[in-house]
$ cat input-v1.cif   # mmCIF, C-alpha atoms
data_coords
#
loop_
_atom_site.label_atom_id
_atom_site.label_comp_id
_atom_site.auth_asym_id
_atom_site.auth_seq_id
_atom_site.Cartn_x
_atom_site.Cartn_y
_atom_site.Cartn_z
CA MET B 20 -8.27 -4.40 21.38
CA THR B 21 -9.97 -1.12 20.36
CA ASN B 22 -8.91 2.38 19.34
CA ARG B 23 -9.97 5.61 20.97
CA ASN B 24 -13.32 5.43 19.16
CA GLY B 25 -14.02 2.01 20.60
CA LYS B 26 -13.58 0.21 17.29
CA PRO B 27 -11.51 -2.96 16.76
CA PRO B 28 -8.66 -3.01 14.19
CA TYR B 29 -9.81 -3.25 10.58
CA LEU B 30 -6.80 -5.50 9.86
CA ARG B 31 -5.29 -8.07 12.21
CA MET B 32 -2.41 -10.37 11.34
CA ILE B 33 -1.91 -12.83 14.19
CA ASP B 34 1.18 -14.99 14.84
CA ILE B 35 2.25 -15.08 11.19
CA GLY B 36 5.06 -17.56 10.59
CA LYS B 37 7.09 -18.23 7.45
CA VAL B 38 10.21 -20.33 7.03
CA PHE B 39 12.28 -20.45 3.85
CA PRO B 40 15.08 -23.02 3.43
CA GLY B 41 17.56 -22.16 6.17
CA VAL B 42 15.86 -18.87 7.10
CA VAL B 43 13.09 -18.01 9.55
CA ALA B 44 11.61 -15.02 7.75
CA LEU B 45 8.65 -14.46 10.10
CA ASP B 46 8.56 -15.79 13.64
CA GLY B 47 5.06 -15.32 15.06
CA VAL B 48 4.60 -11.74 13.84
CA SER B 49 1.42 -9.92 14.84
CA PHE B 50 0.34 -6.65 13.25
CA ASP B 51 -2.84 -4.61 13.41
CA ALA B 52 -4.14 -1.45 11.76
CA TRP B 53 -7.34 0.57 12.02
CA ALA B 54 -9.49 2.02 9.30
CA GLY B 55 -8.51 5.60 8.58
CA GLU B 56 -4.97 5.20 9.91
CA VAL B 57 -1.52 5.42 8.34
CA HIS B 58 0.57 2.70 9.97
CA ALA B 59 4.32 2.54 9.35
CA LEU B 60 6.08 -0.81 9.09
CA VAL B 61 9.78 -0.25 9.70
CA GLY B 62 12.89 -2.35 10.15
CA ALA B 63 16.33 -2.94 8.71
CA ASN B 64 16.82 -4.91 5.50
CA GLY B 65 15.86 -8.53 6.14
CA ALA B 66 13.64 -7.69 9.11
CA GLY B 67 10.62 -9.31 7.49
CA LYS B 68 8.64 -6.27 6.30
CA SER B 69 8.32 -7.30 2.67
CA THR B 70 7.62 -10.93 3.57
CA LEU B 71 4.81 -9.91 5.92
CA MET B 72 3.22 -7.65 3.33
CA ASN B 73 3.65 -10.27 0.60
CA VAL B 74 1.69 -12.62 2.86
CA LEU B 75 -1.06 -10.00 3.11
CA GLY B 76 -0.88 -9.39 -0.64
CA GLY B 77 -1.24 -13.06 -1.49
CA VAL B 78 2.24 -13.39 -3.01
CA ILE B 79 3.52 -15.69 -0.23
CA ARG B 80 1.60 -18.34 1.68
CA PRO B 81 2.34 -18.29 5.44
CA ASP B 82 3.18 -21.47 7.32
CA SER B 83 1.09 -20.42 10.31
CA GLY B 84 -1.09 -17.65 11.66
CA GLU B 85 -4.36 -15.94 10.82
CA ILE B 86 -5.50 -12.81 8.99
CA HIS B 87 -8.68 -10.98 9.99
CA ILE B 88 -10.20 -8.16 7.92
CA ASP B 89 -13.14 -6.19 9.28
CA GLY B 90 -13.76 -8.88 11.89
CA GLN B 91 -13.75 -11.80 9.46
CA THR B 92 -11.07 -14.48 9.15
CA VAL B 93 -9.79 -14.56 5.56
CA ASP B 94 -7.63 -17.02 3.64
CA ILE B 95 -5.53 -15.29 0.99
CA HIS B 96 -4.10 -17.71 -1.58
CA SER B 97 -3.13 -15.29 -4.35
CA PRO B 98 -2.97 -11.62 -5.36
CA LEU B 99 -6.44 -12.05 -6.86
CA ASP B 100 -7.68 -13.20 -3.45
CA ALA B 101 -6.06 -10.14 -1.89
CA THR B 102 -7.82 -7.84 -4.36
CA ALA B 103 -11.13 -9.58 -3.66
CA HIS B 104 -10.62 -8.84 0.06
CA GLY B 105 -9.97 -5.16 -0.63
CA ILE B 106 -6.16 -5.15 -0.47
CA ALA B 107 -4.12 -3.09 -2.95
CA PHE B 108 -0.33 -2.98 -3.24
CA VAL B 109 1.57 0.05 -4.61
CA HIS B 110 4.96 -1.47 -5.36
CA GLN B 111 8.31 0.29 -5.24
CA GLU B 112 9.10 -0.79 -8.81
CA MET B 113 6.55 0.69 -11.19
CA ALA B 114 5.66 -1.90 -13.82
CA MET B 115 4.30 0.05 -16.77
CA LEU B 116 4.34 -0.04 -20.56
CA PRO B 117 5.50 3.47 -21.52
CA THR B 118 4.08 3.46 -25.07
CA LEU B 119 0.55 2.75 -23.81
CA THR B 120 -1.83 5.35 -22.40
CA VAL B 121 -2.55 5.92 -18.73
CA ALA B 122 -5.96 4.25 -19.11
CA GLU B 123 -4.47 1.22 -20.85
CA ASN B 124 -1.77 0.81 -18.19
CA MET B 125 -4.30 1.09 -15.38
CA HIS B 126 -6.50 -1.65 -16.83
CA ILE B 127 -3.89 -4.13 -18.08
CA GLY B 128 -5.06 -7.59 -17.12
CA ASP B 129 -8.61 -6.49 -16.40
CA PHE B 130 -9.99 -4.50 -19.32
CA PRO B 131 -13.72 -3.70 -19.09
CA SER B 132 -15.53 -5.33 -21.98
CA ARG B 133 -18.84 -5.32 -23.80
CA ALA B 134 -19.91 -7.91 -26.37
CA GLY B 135 -16.44 -9.43 -26.24
CA LEU B 136 -14.67 -6.14 -27.03
CA ILE B 137 -12.76 -3.72 -24.81
CA ASP B 138 -15.13 -1.01 -23.63
CA ALA B 139 -12.93 2.05 -24.15
CA LYS B 140 -15.61 4.43 -22.83
CA VAL B 141 -15.91 2.66 -19.47
CA MET B 142 -12.13 2.30 -19.23
CA ARG B 143 -11.67 6.01 -19.79
CA GLU B 144 -14.42 6.96 -17.31
CA GLN B 145 -12.97 4.74 -14.57
CA THR B 146 -9.52 6.17 -15.18
CA GLU B 147 -10.74 9.77 -15.19
CA LYS B 148 -12.60 9.24 -11.89
CA ASN B 149 -9.49 8.01 -10.08
CA LEU B 150 -7.16 10.59 -11.62
CA ARG B 151 -9.49 13.34 -10.37
CA ARG B 152 -9.54 11.75 -6.93
CA LEU B 153 -5.74 12.09 -6.83
CA GLY B 154 -5.72 15.61 -8.25
CA CYS B 155 -3.87 14.60 -11.43
CA LYS B 156 -3.69 17.12 -14.29
CA PHE B 157 -2.91 14.67 -17.11
CA THR B 158 -5.62 12.74 -18.96
CA PRO B 159 -6.45 9.05 -19.42
CA ASP B 160 -5.19 9.36 -23.02
CA THR B 161 -1.69 10.58 -22.04
CA ARG B 162 1.05 8.14 -22.91
CA VAL B 163 3.01 7.07 -19.84
CA GLN B 164 6.36 7.78 -21.52
CA TYR B 165 5.61 11.51 -21.26
CA LEU B 166 4.94 11.46 -17.50
CA SER B 167 7.36 12.37 -14.74
CA THR B 168 8.32 9.80 -12.11
CA GLY B 169 5.89 11.40 -9.68
CA ASP B 170 3.05 11.28 -12.18
CA ARG B 171 3.81 7.63 -12.91
CA GLN B 172 3.55 7.00 -9.16
CA MET B 173 0.10 8.61 -9.26
CA VAL B 174 -0.87 6.20 -12.06
CA GLU B 175 0.25 3.28 -9.87
CA ILE B 176 -1.89 4.57 -7.01
CA ALA B 177 -4.85 5.24 -9.31
CA ARG B 178 -4.56 1.67 -10.61
CA ALA B 179 -4.62 0.39 -7.02
CA LEU B 180 -7.75 2.43 -6.31
CA LEU B 181 -9.70 0.90 -9.22
CA SER B 182 -10.82 -1.93 -6.92
CA ASP B 183 -11.93 0.55 -4.22
CA PRO B 184 -9.66 -1.08 -1.60
CA GLY B 185 -10.04 -0.88 2.16
CA ILE B 186 -6.30 -1.48 2.66
CA VAL B 187 -3.49 0.06 0.60
CA ILE B 188 0.15 -0.98 1.06
CA PHE B 189 2.81 1.54 0.01
CA ASP B 190 6.24 -0.07 -0.40
CA GLU B 191 9.05 2.53 -0.26
CA PRO B 192 6.90 4.97 -2.28
CA THR B 193 9.24 7.99 -2.15
CA SER B 194 12.52 6.31 -3.13
CA SER B 195 12.62 8.04 -6.54
CA LEU B 196 10.48 11.14 -5.95
CA THR B 197 11.44 14.80 -5.74
CA SER B 198 10.53 16.87 -2.68
CA ARG B 199 7.52 18.35 -4.48
CA GLU B 200 6.36 14.90 -5.60
CA LYS B 201 6.73 13.57 -2.03
CA ALA B 202 4.54 16.39 -0.70
CA ARG B 203 1.93 15.55 -3.31
CA LEU B 204 2.06 11.86 -2.38
CA PHE B 205 1.60 12.69 1.30
CA ASP B 206 -1.46 14.79 0.43
CA VAL B 207 -2.89 11.78 -1.41
CA ILE B 208 -2.20 9.49 1.56
CA HIS B 209 -3.91 11.92 3.95
CA GLY B 210 -6.88 12.05 1.59
CA LEU B 211 -7.15 8.26 1.56
CA ARG B 212 -6.96 8.22 5.35
CA SER B 213 -9.79 10.76 5.51
CA ASP B 214 -11.82 8.38 3.32
CA GLY B 215 -11.37 5.65 5.95
CA VAL B 216 -8.78 3.62 4.03
CA THR B 217 -6.20 1.66 6.05
CA ILE B 218 -2.72 2.67 4.87
CA ILE B 219 0.37 0.53 5.54
CA TYR B 220 3.52 2.52 4.86
CA ILE B 221 6.84 0.71 4.42
CA THR B 222 9.91 2.96 4.42
CA HIS B 223 13.51 3.33 5.58
CA PHE B 224 13.10 7.11 5.93
CA LEU B 225 12.18 7.75 9.56
CA ASP B 226 11.50 11.44 8.99
CA GLU B 227 8.65 10.38 6.70
CA VAL B 228 7.30 8.05 9.38
CA PHE B 229 6.90 10.97 11.77
CA GLN B 230 5.59 13.25 9.03
CA VAL B 231 2.85 11.06 7.59
CA CYS B 232 2.08 8.15 9.95
CA ASP B 233 -0.15 7.75 12.99
CA ARG B 234 1.47 4.60 14.42
CA ALA B 235 4.50 2.43 13.76
CA THR B 236 5.40 -1.23 14.19
CA VAL B 237 9.07 -2.23 14.23
CA LEU B 238 10.29 -5.61 13.01
CA ARG B 239 13.71 -7.12 13.68
CA GLY B 240 14.85 -10.59 12.73
CA GLY B 241 11.36 -11.64 11.67
CA GLN B 242 9.78 -10.63 14.98
CA THR B 243 7.71 -7.73 16.24
CA VAL B 244 9.96 -5.86 18.68
CA GLY B 245 7.99 -2.70 19.45
CA GLY B 246 6.07 0.29 18.23
CA GLY B 247 3.16 2.50 19.16
CA ALA B 248 1.63 5.90 18.45
CA MET B 249 4.04 8.33 16.80
CA GLY B 250 3.52 10.83 19.60
CA ASP B 251 4.89 8.27 22.06
CA LEU B 252 7.98 7.38 20.00
CA THR B 253 11.26 9.07 19.13
CA THR B 254 13.63 8.54 16.23
CA GLU B 255 16.26 7.27 18.65
CA GLU B 256 13.88 4.70 20.12
CA ILE B 257 12.88 3.36 16.70
CA VAL B 258 16.53 3.07 15.66
CA ARG B 259 17.31 1.23 18.89
CA LEU B 260 14.49 -1.21 18.23
CA MET B 261 15.60 -1.72 14.64
CA ILE B 262 19.21 -2.62 15.51
#

$ encode --input "input-v1.cif" --output "structure tokens"
Amino acid sequence: MTNRNGKPPYLRMIDIGKVFPGVVALDGVSFDAWAGEVHALVGANGAGKSTLMNVLGGVIRPDSGEIHIDGQTVDIHSPLDATAHGIAFVHQEMAMLPTLTVAENMHIGDFPSRAGLIDAKVMREQTEKNLRRLGCKFTPDTRVQYLSTGDRQMVEIARALLSDPGIVIFDEPTSSLTSREKARLFDVIHGLRSDGVTIIYITHFLDEVFQVCDRATVLRGGQTVGGGAMGDLTTEEIVRLMI
């Protein structure tokens, strides 16, 4: 399988299976995405979207299947494994400490250090670099409590970019954003795509799928039921596949 440039998918998830007590969450789901593409993952509640991405993010261990990244088979046991393989997750719920600065929130759990002490200079430089990449106007020293919801979303994305990921998963990223903040987020996503990052975009808003995505995969009942290039799909067809 190759794209129009003759390249294989950067990410391949093959026959992923996961059973919880009394529930088949994923039933042989396959999913692929290319570098420099925004790929929508859509489906009704309970379709398996979050479970599949939690498998990729190392939160859930699959019962069966394989994951290939850049042509290599990988075994992801934990979120740390996922990070090591270049996978970043921008979650719907933004977990931040509002009284801390942007730089401190971005580095929680992985502060740069020197001689056993936090290296504030490196932390600030890393933060500043990623804020500039996203076009943010606030500084690394700004306290999160003074940021808008959209700016806090930018901090979440900047934190994800610290590891220079090849794959970024956005989980319902616009659920609490204004129209202006959504437009800004879409500009960021297009910029990441131009940088060759693989974007997986989970949403219930089909208008966003057609606005920002290149391809879509539809899940229903823990199975892959269809999808394709956005130019070959209609809203009505996606809804039919979903239900």

$ resolve_selection --input "input-v1.cif" --expression "the PyMOL selection byres ((chain B and resi 28) around 10)" --output "PyMOL selection string"
chain B and resi 20-22+25-27+29-31+50-54+56+87-90+217

$ closest_residue --input "input-v1.cif" --among "B:Met249, B:Ala139, B:Leu153, B:Leu196" --to "Leu211 in chain B" --atoms "all atoms listed in the file"
B:Leu153

$ residues_around --input "input-v1.cif" --residues "range 232-241 of chain B" --least-positions-apart "6" --cutoff "8 Å" --atoms "only C-alpha atoms" --output "PyMOL selection string"
chain B and resi 43-46+48+50+56-63+65-68+220+247-249+257+260-262

$ resolve_selection --input "input-v1.cif" --expression "the PyMOL selection byres ((chain B and resi 178-195) around 7)" --output "number ranges by chain"
B: 105-111, 125, 149, 174-177, 196-197, 201, 216-222

$ residues_around --input "input-v1.cif" --residues "Lys148 in chain B" --least-positions-apart "2" --cutoff "12 Å" --atoms "only C-alpha atoms" --output "MDAnalysis selection string"
chainID B and resid 122 141:146 150:155 158:159 177:178 180:181 183

$ write_last_selection --input "input-v1.cif" --atoms "C-alpha atoms" --output "short mmCIF file (atom, residue, chain, number, x, y, z; two decimals), in the coordinates of the input"
data_model
loop_
_atom_site.label_atom_id
_atom_site.label_comp_id
_atom_site.auth_asym_id
_atom_site.auth_seq_id
_atom_site.Cartn_x
_atom_site.Cartn_y
_atom_site.Cartn_z
CA ALA B 122 -5.96 4.25 -19.11
CA VAL B 141 -15.91 2.66 -19.47
CA MET B 142 -12.13 2.30 -19.23
CA ARG B 143 -11.67 6.01 -19.79
CA GLU B 144 -14.42 6.96 -17.31
CA GLN B 145 -12.97 4.74 -14.57
CA THR B 146 -9.52 6.17 -15.18
CA LEU B 150 -7.16 10.59 -11.62
CA ARG B 151 -9.49 13.34 -10.37
CA ARG B 152 -9.54 11.75 -6.93
CA LEU B 153 -5.74 12.09 -6.83
CA GLY B 154 -5.72 15.61 -8.25
CA CYS B 155 -3.87 14.60 -11.43
CA THR B 158 -5.62 12.74 -18.96
CA PRO B 159 -6.45 9.05 -19.42
CA ALA B 177 -4.85 5.24 -9.31
CA ARG B 178 -4.56 1.67 -10.61
CA LEU B 180 -7.75 2.43 -6.31
CA LEU B 181 -9.70 0.90 -9.22
CA ASP B 183 -11.93 0.55 -4.22
#

$ atom_distance --input "input-v1.cif" --atom1 "CA of Ile33 in chain B" --atom2 "CA of Val78 in chain B"
17.7 Å

$ atom_distance --input "input-v1.cif" --atom1 "CA of Ala101 in chain B" --atom2 "CA of Gly128 in chain B"
15.5 Å

$ decode --input "input-v1.cif" --residues "range 176-226 of chain B" --atoms "C-alpha atoms" --output "short mmCIF file (atom, residue, chain, number, x, y, z; two decimals), in the first residue's frame"
data_model
loop_
_atom_site.label_atom_id
_atom_site.label_comp_id
_atom_site.auth_asym_id
_atom_site.auth_seq_id
_atom_site.Cartn_x
_atom_site.Cartn_y
_atom_site.Cartn_z
CA ILE B 176 -0.03 21.17 21.90
CA ALA B 177 3.31 22.82 22.69
CA ARG B 178 3.84 20.27 25.46
CA ALA B 179 3.15 17.47 22.98
CA LEU B 180 5.70 18.94 20.56
CA LEU B 181 8.51 18.94 23.14
CA SER B 182 9.38 15.37 22.13
CA ASP B 183 9.41 16.31 18.41
CA PRO B 184 6.79 13.64 17.58
CA GLY B 185 6.16 12.06 14.20
CA ILE B 186 2.53 11.31 15.13
CA VAL B 187 0.16 13.63 17.00
CA ILE B 188 -3.30 12.50 18.12
CA PHE B 189 -5.91 15.22 18.66
CA ASP B 190 -8.88 13.98 20.72
CA GLU B 191 -11.96 16.22 20.26
CA PRO B 192 -9.71 19.31 20.26
CA THR B 193 -12.39 21.93 19.48
CA SER B 194 -15.05 20.91 22.01
CA SER B 195 -14.49 24.02 24.16
CA LEU B 196 -13.02 26.49 21.66
CA THR B 197 -14.48 29.63 20.12
CA SER B 198 -14.68 30.04 16.34
CA ARG B 199 -11.54 32.18 16.34
CA GLU B 200 -9.67 29.65 18.48
CA LYS B 201 -10.76 26.82 16.16
CA ALA B 202 -9.38 28.69 13.15
CA ARG B 203 -6.11 29.16 14.98
CA LEU B 204 -5.98 25.46 15.87
CA PHE B 205 -6.59 24.48 12.24
CA ASP B 206 -3.72 26.75 11.16
CA VAL B 207 -1.47 24.93 13.65
CA ILE B 208 -2.58 21.53 12.35
CA HIS B 209 -1.90 22.57 8.75
CA GLY B 210 1.54 23.78 9.83
CA LEU B 211 2.31 20.43 11.47
CA ARG B 212 1.16 18.64 8.33
CA SER B 213 3.49 20.81 6.24
CA ASP B 214 6.31 19.72 8.57
CA GLY B 215 5.58 16.08 7.69
CA VAL B 216 3.86 15.18 10.97
CA THR B 217 1.14 12.51 10.88
CA ILE B 218 -2.02 13.95 12.44
CA ILE B 219 -4.86 11.75 13.72
CA TYR B 220 -7.97 13.83 14.32
CA ILE B 221 -10.79 12.43 16.47
CA THR B 222 -14.04 14.42 16.35
CA HIS B 223 -17.82 14.21 16.25
CA PHE B 224 -18.03 17.39 14.14
CA LEU B 225 -18.17 16.27 10.52
CA ASP B 226 -17.87 19.80 9.16
#
